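Below you'll find the structure, written out as structure tokens, and then a few comments.
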Amino acid sequence: MNGKIKIVVVGLKFGKYIIESQICTGPGAPFMELVGVFDLDEEKSKTLANTLSVKKYGCLDEILTDPQVQAIGLFTPPAGRAALVRQIINAGKHVITTKPFELNCAEGLKVLKEARSLHKAVHMNSPGPYLDIETKTFLAWQEKFSLGQPVSARWQTFVRYQEQADGSWFDDPLRCPVAPVFRLGIYGINQMISLCGEVQSVGVAHARINTGRPTPDTGELSLCFKNGALGSVFASFSSGDGQSYSNIMEIHFEHGSIRSEVTKPTDNWDEIEKKLILQAKLTTGEVIHRTKLIKNSNIHGKYQWENFKNSIENPTLIEDEISPEMIMHAMEVINAMSIAEQNNARVDVVSSTPSCSVEPNADTTGLNSQKNSTLMR
Ligand SMILES: NC(=O)c1ccc[n+]([C@@H]2O[C@H](COP(=O)([O-])OP(=O)(O)OC[C@H]3O[C@@H](n4cnc5c(N)ncnc54)[C@H](O)[C@@H]3O)[C@@H](O)[C@H]2O)c1
């Protein structure tokens, strides 16, 4: 292994947590070396730079022209993220960022393709650049035990925040549609797309139970997949039972079911471990059970720091990563969800690229990327 990747973190609210729990100590520490920080709020930059004894950058350009910097951890809000990523990759640096990637699907797709042509890594935690072991296990069991196609999938997560309005993007339904689904349910949407394929249409239900924000704190997204499977993604900021962010998936195939459960209660997502449980009826009539423990580092939604380092050091590996089309399909679903929220109607996620595959690593080169959503009354 060569030396650690020299990284600057930009956006220091959630980014501060990433620095403290992932980069300076935690799963990213063996692969990353934090060399600086930057936030539009200078006080945040100054305080953190002093605490960590790293450089305080005054603007993005200063980072982009610093030859020691190899990568940027971009933890700014999702709206307009593609434009920042474009600046960064064109300056020769790599990017690790967070979900949801970018609300503007055309811009998101364009910049992800641009990154590939420039051999610059643009990784995020959901979807990760490579399928996580949790999701891979669902797919492996589906194939190994001939479970058939998915029939229904349900995903849910709960946490109790009781947030107050602060005028930020979290309060704006256009920048934060069906808030709990956009902010937490995105993990379920991405995982479901990996398991069930392309989404045909969506509908939403949402409520404000005890939030101080104008946006909902509880929401459900219903999804019809092109293969006929039905899905539901439920997320709430209003329910705390000592088990936050469980991100539980239950999926029924034609000949078997797989569900996940958390092995011990914890409010800390960095400590969650899951068990996957399969029950299937084989063609012989035999009913079988299997279980598999999924370690915290292998659950969907984790930052893949080692893969990020590998992609930076071996630029050709970028070609094997999850496709830009698959990343942006989740954002197409989010856009349709936003229209559904605004119009209180079911919305079709219409693709102008009908053959656009959302299979992991599918070769979709040359497909027209534009998709749009239409209202169904
Ligand atoms: N569990 C998770 O994975 C998780 C949890 C929380 C947030 N997030 C994600 O992290 C992202 C940021 O969330 P947040 O809660 O920190 O948002 P936020 O809006 O509260 O804070 C963003 C920070 O970035 C700074 N900033 C904004 N634009 C900038 C720019 N162009 N250059 C430098 N700094 C800039 C702001 O000053 C602010 O400090 C979102 O995409 C969110 O969904 C992920």
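The way I read the labels, and the way they are meant: chains A, B, ... in the order of the structure tokens, residue 1 as the first residue of every chain, and ligand 1 as the first ligand shown, with later ones counted on from there.
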Practice prompt. Run DSSP on the backbone and grab whatever in segment 55-258 of chain A lands in alpha helix (DSSP H); send it over as an MDAnalysis selection string.
Written response: chainID A and resid 60:64 81:90 105:117 133:144 179:180 186:196
Discussion item. Quick one: residues within 6 Å of segment 225-239 of chain A, only C-alpha atoms, excluding same-chain residues fewer than 5 positions away - as an MDAnalysis selection string?
Written reply: chainID A and resid 150:161 180:181 185 198:200 217:220
Item to complete: Fewer than 6 positions away in the same chain doesn't count, so skip those; otherwise give me all residues within 8 Å of segment 274-277 of chain A, counting only C-alpha atoms, as an NGL selection string.
Response: :A and (258-263 or 289-296 or 299)
Worksheet item: So how far away is atom CA of Pro77 of chain A from atom CA of Ile5 of chain A, in Å?
Response: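 Between these atoms lies a distance of 23.7 Å.
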Discussion item. At a cut-off of 9 Å, using only C-alpha atoms, what residues contact segment 311-321 of chain A? Leave out same-chain residues fewer than 6 positions from it and give the result as a list in words.
Written reply: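 Near neighbours after the sequence-gap exclusion: Asn2, Ile5, Gln70, Ala71, His94, Arg116, His119, Lys120, Ala121, Val122, Gly128, Pro129, Tyr130, Leu131, Pro360 and Asn361 of chain A.
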Please produce a file of the residues just selected, as a CSV table (one decimal), in the first residue's frame, where the atoms kept are C-alpha atoms.
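The resulting out.csv:
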```
chain,number,residue,atom,x,y,z
A,2,ASN,CA,1.3,3.5,-0.9
A,5,ILE,CA,-4.6,9.8,0.6
A,70,GLN,CA,-5.4,14.5,-3.7
A,71,ALA,CA,-9.1,14.3,-2.6
A,94,HIS,CA,-11.0,13.0,-6.4
A,116,ARG,CA,-15.2,8.6,-15.5
A,119,HIS,CA,-10.5,8.9,-14.4
A,120,LYS,CA,-11.5,10.7,-11.3
A,121,ALA,CA,-13.2,8.8,-8.5
A,122,VAL,CA,-16.6,10.3,-7.3
A,128,GLY,CA,-21.6,2.8,-2.5
A,129,PRO,CA,-19.2,2.5,-5.4
A,130,TYR,CA,-19.4,-1.3,-5.1
A,131,LEU,CA,-22.3,-3.4,-3.8
A,360,PRO,CA,-24.8,-2.9,-11.0
A,361,ASN,CA,-21.9,-2.3,-13.3
```
Worksheet item: Near segment 34-44 of chain A, within 8 Å and counting only C-alpha atoms, which residues show up once chain neighbours fewer than 6 positions away are dropped, as a PyMOL selection string?
Response: chain A and resi 6-12+19+23-24+54-60+69
Discussion item. Please list as a VMD selection string every residue within 12 Å of Gly301 of chain A, counting only C-alpha atoms and excluding residues in the same chain fewer than 3 positions away.
Written reply: chain A and resid 97 to 100 123 to 135 184 to 191 245 to 247 269 to 270 272 296 to 298 304
Discussion item. One decimal, in Å: what's the spacing between atom CA of Pro265 of chain A and atom CA of Lys302 of chain A?
Written reply: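 Distance between the two atoms: 18.7 Å.
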Fill in: Using only C-alpha atoms: which of A:Ser201, A:Gln149, A:Thr211, A:Asn343 has the shortest distance to Gln164 of chain A
A:Thr211
Discussion item. Please return, as number ranges by chain, all residues of segment 249-311 of chain A that DSSP assigns to strand (DSSP E or B) on the basis of the backbone.
Written reply: A: 249-253, 256-262, 274-281, 287-294
Practice prompt. Name the closest residue to ligand 1 among the candidates A:Glu254, A:Asp172, A:Glu286, A:Glu102; distances are taken between atoms, counting only C-alpha atoms and all ligand atoms.
Written response: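 Residue with the minimum atom-to-atom distance to ligand 1: A:Glu102.
Of the residues under consideration (A:Pro78, A:Pro30, A:Gly240, A:Gly197), A:Pro78 shows the shortest atom-to-atom contact distance to ligand 1 when counting only C-alpha atoms and all ligand atoms.
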Response to the item:
Residue with the minimum atom-to-atom distance to Phe308 of chain A, picked from A:Ile334, A:Ala49, A:Ile72, A:Ser21 with only C-alpha atoms counted, is A:Ile72
Item to complete: Check the smallest atom-to-atom distance from each of A:His329, A:Gly212, A:Trp141, A:Leu48 to Asp171 of chain A using only C-alpha atoms, then report the winner.
Response: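 Nearest candidate to Asp171 of chain A out of A:His329, A:Gly212, A:Trp141, A:Leu48: A:Gly212.
Using only C-alpha atoms and all ligand atoms, the nearest neighbour of ligand 1 within the list A:Asp348, A:Asp166, A:Asp241, A:Glu332 is A:Asp166.
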Worksheet item: Excluding same-chain residues fewer than 6 positions from Val85 of chain A, what lies within 9 Å of it counting only C-alpha atoms, as a ChimeraX atom specification?
Response: /A:74,94-95,111-112,115,122
